[in-house]
$ cat coords-v2.tsv   # TSV, C-alpha atoms and all ligand atoms
chain	number	residue	atom	x	y	z
A	1	MET	CA	16.78	7.80	14.54
A	2	THR	CA	13.51	9.13	13.14
A	3	VAL	CA	12.18	9.64	9.63
A	4	ALA	CA	10.14	12.26	7.78
A	5	LEU	CA	6.94	11.01	6.20
A	6	TYR	CA	4.90	12.34	3.28
A	7	ALA	CA	1.51	11.15	1.98
A	8	TYR	CA	0.40	11.12	-1.66
A	9	THR	CA	-2.91	10.32	-3.32
A	10	CYS	CA	-2.25	8.38	-6.52
A	11	GLY	CA	-5.80	8.27	-7.86
A	12	PHE	CA	-9.10	6.90	-6.64
A	13	LEU	CA	-11.11	3.73	-7.28
A	14	THR	CA	-14.87	3.28	-7.27
A	15	LEU	CA	-15.85	-0.23	-6.24
A	16	PRO	CA	-18.59	-2.17	-4.44
A	17	ARG	CA	-18.47	-1.42	-0.69
A	18	SER	CA	-18.66	-5.15	0.01
A	19	ILE	CA	-15.12	-5.43	-1.38
A	20	LEU	CA	-14.09	-3.33	1.62
A	21	LEU	CA	-16.56	-4.55	4.24
A	22	ASP	CA	-18.24	-7.90	3.87
A	23	GLY	CA	-21.99	-7.47	3.37
A	24	ALA	CA	-21.96	-3.68	2.95
A	25	PRO	CA	-24.34	-2.34	0.26
A	26	GLY	CA	-23.65	0.19	-2.49
A	27	VAL	CA	-20.41	1.53	-3.90
A	28	ALA	CA	-17.56	3.60	-2.48
A	29	THR	CA	-14.90	5.82	-4.00
A	30	VAL	CA	-11.63	5.26	-2.18
A	31	PRO	CA	-8.17	6.81	-2.31
A	32	VAL	CA	-5.06	4.98	-3.53
A	33	PRO	CA	-2.31	6.11	-1.13
A	34	ALA	CA	1.46	6.04	-1.38
A	35	TYR	CA	3.97	7.35	1.17
A	36	LEU	CA	7.53	8.60	1.01
A	37	ILE	CA	9.76	7.83	3.99
A	38	VAL	CA	12.88	9.98	4.20
A	39	HIS	CA	15.69	8.57	6.33
A	40	PRO	CA	19.16	10.16	6.54
A	41	ARG	CA	20.54	7.10	4.74
A	42	GLY	CA	17.88	6.61	2.06
A	43	ARG	CA	14.43	7.25	0.69
A	44	ALA	CA	11.76	4.58	0.68
A	45	LEU	CA	8.39	4.64	-1.01
A	46	PHE	CA	5.64	2.58	0.61
A	47	ASP	CA	3.44	1.37	-2.26
A	48	SER	CA	3.41	3.02	-5.65
A	49	GLY	CA	-0.23	3.59	-6.59
A	50	LEU	CA	-1.85	2.89	-9.93
A	51	ASN	CA	-0.35	2.10	-13.32
A	52	VAL	CA	-0.71	4.82	-15.98
A	53	ASP	CA	-1.79	2.01	-18.35
A	54	CYS	CA	-5.22	1.98	-16.68
A	55	ARG	CA	-6.03	5.41	-18.15
A	56	GLU	CA	-6.22	4.75	-21.88
A	57	ASP	CA	-7.53	1.21	-21.92
A	58	PRO	CA	-8.85	0.08	-18.53
A	59	VAL	CA	-10.41	-3.10	-19.95
A	60	GLY	CA	-7.20	-4.14	-21.70
A	61	TYR	CA	-5.27	-3.34	-18.55
A	62	ILE	CA	-7.31	-4.97	-15.79
A	63	GLY	CA	-9.44	-7.39	-17.81
A	64	GLU	CA	-13.11	-7.45	-18.66
A	65	ALA	CA	-14.43	-8.99	-15.44
A	66	ALA	CA	-12.65	-6.59	-13.08
A	67	SER	CA	-13.41	-3.58	-15.27
A	68	LYS	CA	-17.14	-4.23	-14.70
A	69	VAL	CA	-16.82	-3.68	-10.95
A	70	ILE	CA	-13.89	-1.26	-10.64
A	71	GLN	CA	-13.65	2.24	-12.05
A	72	PHE	CA	-10.38	4.15	-12.15
A	73	HIS	CA	-10.10	7.88	-11.48
A	74	PHE	CA	-6.49	8.64	-12.29
A	75	LEU	CA	-5.56	11.90	-13.98
A	76	PRO	CA	-2.21	12.88	-15.47
A	77	GLY	CA	-0.10	14.31	-12.65
A	78	GLU	CA	-1.48	11.85	-10.10
A	79	GLU	CA	1.00	9.04	-10.86
A	80	VAL	CA	3.56	8.53	-8.13
A	81	SER	CA	6.53	9.96	-10.06
A	82	ALA	CA	4.64	13.21	-10.74
A	83	ARG	CA	3.43	13.40	-7.15
A	84	LEU	CA	7.00	12.97	-5.90
A	85	ALA	CA	8.33	15.61	-8.31
A	86	ALA	CA	5.64	18.10	-7.25
A	87	SER	CA	6.85	17.77	-3.67
A	88	GLY	CA	10.53	18.17	-4.54
A	89	PHE	CA	11.64	14.53	-4.78
A	90	ALA	CA	12.96	12.90	-7.95
A	91	ALA	CA	11.57	9.43	-8.62
A	92	ASP	CA	14.99	8.22	-9.78
A	93	GLN	CA	16.45	9.16	-6.40
A	94	VAL	CA	14.21	6.84	-4.42
A	95	ASP	CA	16.26	3.93	-3.04
A	96	PHE	CA	13.55	1.46	-2.02
A	97	VAL	CA	9.99	0.62	-2.90
A	98	ILE	CA	8.43	-1.29	-0.04
A	99	ASN	CA	5.36	-3.01	-1.46
A	100	SER	CA	2.75	-3.92	1.12
A	101	HIS	CA	1.68	-6.49	-1.44
A	102	LEU	CA	1.58	-6.73	-5.21
A	103	HIS	CA	-2.04	-5.96	-6.08
A	104	TYR	CA	-2.39	-3.50	-8.99
A	105	ASP	CA	-3.30	-0.52	-6.80
A	106	HIS	CA	-0.17	-0.93	-4.67
A	107	SER	CA	2.48	-1.84	-7.24
A	108	GLY	CA	1.16	-0.17	-10.40
A	109	GLY	CA	3.71	2.65	-10.17
A	110	ASN	CA	6.77	0.45	-9.48
A	111	ALA	CA	8.06	0.95	-13.03
A	112	LEU	CA	8.20	4.70	-12.41
A	113	ILE	CA	10.81	4.24	-9.66
A	114	PRO	CA	13.64	2.84	-11.79
A	115	ASN	CA	16.59	2.82	-9.38
A	116	ALA	CA	14.88	1.43	-6.30
A	117	ASP	CA	15.29	-1.98	-4.75
A	118	ILE	CA	11.88	-3.62	-4.45
A	119	VAL	CA	11.31	-4.76	-0.87
A	120	VAL	CA	8.63	-7.42	-0.66
A	121	GLN	CA	7.91	-10.53	1.35
A	122	ALA	CA	9.25	-13.64	-0.43
A	123	ARG	CA	5.90	-15.39	-0.06
A	124	GLU	CA	4.09	-12.45	-1.66
A	125	TRP	CA	6.46	-12.47	-4.63
A	126	ALA	CA	6.03	-16.23	-5.09
A	127	HIS	CA	2.24	-15.92	-4.92
A	128	ALA	CA	2.13	-12.99	-7.34
A	129	LYS	CA	4.27	-14.83	-9.87
A	130	ALA	CA	2.08	-17.92	-9.57
A	131	VAL	CA	-1.25	-16.15	-10.15
A	132	ALA	CA	-0.26	-13.18	-12.34
A	133	ASP	CA	-2.78	-12.14	-14.98
A	134	GLN	CA	-5.48	-14.55	-13.80
A	135	ASN	CA	-7.98	-11.84	-12.85
A	136	LEU	CA	-7.00	-11.91	-9.17
A	137	GLY	CA	-5.62	-8.39	-8.85
A	138	TYR	CA	-2.04	-9.32	-9.73
A	139	LEU	CA	-0.72	-8.03	-13.05
A	140	ALA	CA	2.81	-8.94	-14.13
A	141	ARG	CA	3.18	-5.61	-15.93
A	142	ASP	CA	2.77	-3.85	-12.57
A	143	PHE	CA	5.19	-5.74	-10.39
A	144	ASP	CA	7.56	-7.64	-12.67
A	145	THR	CA	9.49	-4.55	-13.71
A	146	GLY	CA	13.11	-5.63	-13.48
A	147	GLN	CA	14.50	-3.69	-10.52
A	148	ARG	CA	16.62	-5.50	-7.95
A	149	LEU	CA	14.47	-7.53	-5.62
A	150	ARG	CA	14.89	-7.89	-1.85
A	151	GLN	CA	12.73	-10.77	-0.76
A	152	LEU	CA	12.02	-10.67	2.98
A	153	GLN	CA	11.28	-13.54	5.32
A	154	GLY	CA	9.11	-11.89	7.95
A	155	GLU	CA	10.03	-8.83	10.01
A	156	HIS	CA	12.79	-6.62	8.61
A	157	ASP	CA	14.44	-3.47	9.98
A	158	LEU	CA	15.29	-1.56	6.77
A	159	PHE	CA	17.99	0.77	8.12
A	160	GLY	CA	18.96	-1.30	11.17
A	161	ASP	CA	17.95	1.37	13.67
A	162	GLY	CA	14.30	0.60	14.33
A	163	SER	CA	12.96	3.62	12.43
A	164	VAL	CA	11.49	1.71	9.45
A	165	VAL	CA	10.40	-1.84	10.21
A	166	CYS	CA	8.51	-4.07	7.79
A	167	ILE	CA	6.09	-6.20	9.77
A	168	PRO	CA	4.35	-9.24	8.33
A	169	THR	CA	0.57	-8.78	8.29
A	170	TYR	CA	-0.37	-11.84	6.27
A	171	GLY	CA	-4.05	-12.39	5.57
A	172	HIS	CA	-5.27	-9.96	2.93
A	173	THR	CA	-2.78	-11.76	0.70
A	174	PRO	CA	-0.33	-14.57	1.54
A	175	GLY	CA	2.62	-12.21	2.00
A	176	HIS	CA	1.13	-8.86	2.95
A	177	GLN	CA	3.30	-6.56	5.07
A	178	SER	CA	2.80	-3.27	6.87
A	179	VAL	CA	5.45	-0.79	8.01
A	180	ARG	CA	6.02	0.60	11.49
A	181	LEU	CA	7.78	3.97	11.56
A	182	LYS	CA	9.34	6.20	14.15
A	183	THR	CA	8.65	9.65	12.74
A	184	GLU	CA	10.09	12.95	13.79
A	185	LEU	CA	6.81	14.86	13.90
A	186	GLY	CA	4.16	12.19	14.36
A	187	GLY	CA	5.68	9.64	16.71
A	188	GLU	CA	4.99	6.01	15.87
A	189	ILE	CA	2.98	5.59	12.67
A	190	VAL	CA	1.89	2.29	11.13
A	191	LEU	CA	1.25	2.21	7.39
A	192	CYS	CA	-1.31	-0.59	7.32
A	193	GLY	CA	-1.69	-1.06	3.57
A	194	ASP	CA	-4.54	-3.47	2.92
A	195	ALA	CA	-4.12	-5.17	6.29
A	196	CYS	CA	-6.90	-2.78	7.28
A	197	TYR	CA	-8.89	-0.90	4.66
A	198	LEU	CA	-11.02	1.29	6.91
A	199	LYS	CA	-11.23	2.64	10.45
A	200	GLU	CA	-14.58	0.85	10.58
A	201	SER	CA	-12.94	-2.48	9.67
A	202	LEU	CA	-10.88	-2.31	12.84
A	203	GLU	CA	-13.70	-1.05	15.06
A	204	THR	CA	-16.14	-3.74	13.95
A	205	LEU	CA	-13.56	-6.44	13.09
A	206	THR	CA	-15.16	-6.79	9.67
A	207	THR	CA	-13.05	-8.35	6.93
A	208	PRO	CA	-13.52	-7.64	3.22
A	209	SER	CA	-15.69	-9.96	1.13
A	210	VAL	CA	-12.54	-11.34	-0.47
A	211	ALA	CA	-9.62	-12.22	1.77
A	212	HIS	CA	-6.91	-14.80	1.34
A	213	ASP	CA	-7.15	-15.82	5.01
A	214	ARG	CA	-9.95	-14.29	7.06
A	215	GLU	CA	-8.79	-15.63	10.43
A	216	ALA	CA	-5.29	-14.28	9.87
A	217	MET	CA	-6.81	-10.89	8.99
A	218	ILE	CA	-8.76	-10.81	12.25
A	219	GLU	CA	-5.60	-11.70	14.17
A	220	VAL	CA	-3.85	-8.80	12.41
A	221	PHE	CA	-6.75	-6.47	13.34
A	222	HIS	CA	-6.11	-7.36	17.00
A	223	ARG	CA	-2.39	-6.70	16.63
A	224	LEU	CA	-3.09	-3.32	15.03
A	225	ARG	CA	-5.51	-2.46	17.83
A	226	ARG	CA	-2.82	-3.23	20.39
A	227	MET	CA	-0.32	-0.98	18.60
A	228	GLN	CA	-2.95	1.76	18.49
A	229	ALA	CA	-3.66	1.34	22.21
A	230	LEU	CA	0.06	1.80	22.88
A	231	GLY	CA	0.02	5.13	21.04
A	232	ALA	CA	0.69	4.35	17.38
A	233	THR	CA	-1.22	6.21	14.69
A	234	LEU	CA	-2.65	3.83	12.09
A	235	MET	CA	-2.86	4.83	8.45
A	236	TYR	CA	-5.73	2.82	6.97
A	237	GLY	CA	-5.42	1.43	3.46
A	238	HIS	CA	-8.40	2.86	1.58
A	239	ASP	CA	-10.53	4.93	3.99
A	240	PRO	CA	-12.01	7.97	2.19
A	241	ASP	CA	-13.27	9.72	5.34
A	242	PHE	CA	-10.01	9.19	7.21
A	243	TRP	CA	-7.94	10.16	4.17
A	244	ALA	CA	-9.76	13.48	3.78
A	245	GLY	CA	-8.04	14.60	6.99
A	246	VAL	CA	-4.54	13.43	6.07
A	247	PRO	CA	-2.11	16.24	5.14
A	248	GLN	CA	-0.74	15.71	1.66
A	249	ALA	CA	2.82	16.32	0.48
A	250	PRO	CA	4.58	18.70	0.36
A	251	ARG	CA	3.17	19.05	3.88
A	252	ARG	CA	4.73	16.52	6.21
A	253	LEU	CA	2.66	13.82	7.84
A	254	GLY	CA	5.33	12.71	10.27
B	1	ZN	ZN	-4.96	-5.49	-1.97
$ encode --input "coords-v2.tsv" --output "structure tokens"
Amino acid sequence: MTVALYAYTCGFLTLPRSILLDGAPGVATVPVPAYLIVHPRGRALFDSGLNVDCREDPVGYIGEAASKVIQFHFLPGEEVSARLAASGFAADQVDFVINSHLHYDHSGGNALIPNADIVVQAREWAHAKAVADQNLGYLARDFDTGQRLRQLQGEHDLFGDGSVVCIPTYGHTPGHQSVRLKTELGGEIVLCGDACYLKESLETLTTPSVAHDREAMIEVFHRLRRMQALGATLMYGHDPDFWAGVPQAPRRLG
């Protein structure tokens, strides 16, 4: 079985480049991606972009410290539900939200997908609950939104046929996961999430300035490189140059 894959840009962030690549100077403006995976037996969103609450009152939303280093660019119509609708998919007909992890720029749109099961690693959920609202990128209002929760323990084959497989890529956060897809048009595609922000991260094996476990991240970089060498296409988490060449829905990516 194969799936169809669509890419969406749910806003942009401007932040210090060192957040992406340890030691890098200056600032960067990076995309916030989300993806829709369409399988004959269900629709799964991979990450949900930003929370509309960041528009009106970014300081109240993210806190004073973070708002000094992060700027949101998130216009009406760029939230995940509107992006889905513009490409012919109703947000209330999405069956799963697979969160790579629960940082605000990956789970901020979860509330907009009301009927989905939330598919997350158990250790990520536990960590997010423990540190929510402590200025560490986890906001309860983003991820604690009441849908049914499927807490995974490591690798998980969502439809049981190898087409959508959650793979643990711990390191960026304690329970980060990526997704390996068999797509109809694009062959094997790996949605890295924040396991790898940039093409350059992988080429130079450079971790971000802030990482939960740097050694684990490097080990994940090597695993991603091996998948790439075997023919998989990697979708980097926040790479503006790479993203500029990614076809956006309603065009199909895979
Ligand atoms: Zn993150």
$ residues_near_ligand --input "coords-v2.tsv" --ligand "ligand ZN 1 (chain B)" --cutoff "8 Å" --atoms "all atoms listed in the file" --output "MDAnalysis selection string"
chainID A and resid 101:106 137 172:173 193:194
$ atom_distance --input "coords-v2.tsv" --atom1 "atom CA of A:Ala140" --atom2 "atom CA of A:Asp53"
12.6 Å
$ residues_around --input "coords-v2.tsv" --residues "stretch 113-122 of chain A" --least-positions-apart "6" --cutoff "10 Å" --atoms "all atoms listed in the file" --output "ChimeraX atom specification"
/A:43-46,48,80-81,90-102,107,128,143,145-156,158,166-168,170,174-177
$ closest_residue --input "coords-v2.tsv" --among "A:Thr14, A:Tyr236, A:Gly186, A:Leu205" --to "A:Val27" --atoms "all atoms listed in the file"
A:Thr14
$ atom_distance --input "coords-v2.tsv" --atom1 "atom CA of A:Gly231" --atom2 "atom CA of A:Glu188"
7.2 Å
$ atom_distance --input "coords-v2.tsv" --atom1 "atom CA of A:Glu79" --atom2 "atom CA of A:Tyr197"
20.9 Å
$ closest_residue --input "coords-v2.tsv" --among "A:Leu191, A:His39, A:Arg225, A:Val164" --to "A:Thr204" --atoms "only C-alpha atoms"
A:Arg225
$ closest_residue --input "coords-v2.tsv" --among "A:Thr9, A:Thr183, A:Gln248, A:Ser87" --to "A:His73" --atoms "only C-alpha atoms"
A:Thr9
$ residues_around --input "coords-v2.tsv" --residues "A:Gly26" --least-positions-apart "2" --cutoff "9 Å" --atoms "all atoms listed in the file" --output "NGL selection string"
:A and (15-18 or 24 or 28)
$ residues_around --input "coords-v2.tsv" --residues "A:Arg55" --least-positions-apart "5" --cutoff "10 Å" --atoms "all atoms listed in the file" --output "ChimeraX atom specification"
/A:50,61,72-76
$ closest_residue --input "coords-v2.tsv" --among "A:Ala86, A:Ile62, A:Gly77, A:Ala195" --to "A:Arg141" --atoms "all atoms listed in the file"
A:Ile62
$ residues_around --input "coords-v2.tsv" --residues "A:Pro40" --least-positions-apart "2" --cutoff "8 Å" --atoms "only C-alpha atoms" --output "short mmCIF file (atom, residue, chain, number, x, y, z; two decimals) with C-alpha atoms, in the frame of the given file"
data_model
loop_
_atom_site.label_atom_id
_atom_site.label_comp_id
_atom_site.auth_asym_id
_atom_site.auth_seq_id
_atom_site.Cartn_x
_atom_site.Cartn_y
_atom_site.Cartn_z
CA VAL A 3 12.18 9.64 9.63
CA VAL A 38 12.88 9.98 4.20
CA GLY A 42 17.88 6.61 2.06
#
$ closest_residue --input "coords-v2.tsv" --among "A:Cys196, A:Met235, A:Ile70, A:Glu56" --to "A:Pro247" --atoms "all atoms listed in the file"
A:Met235
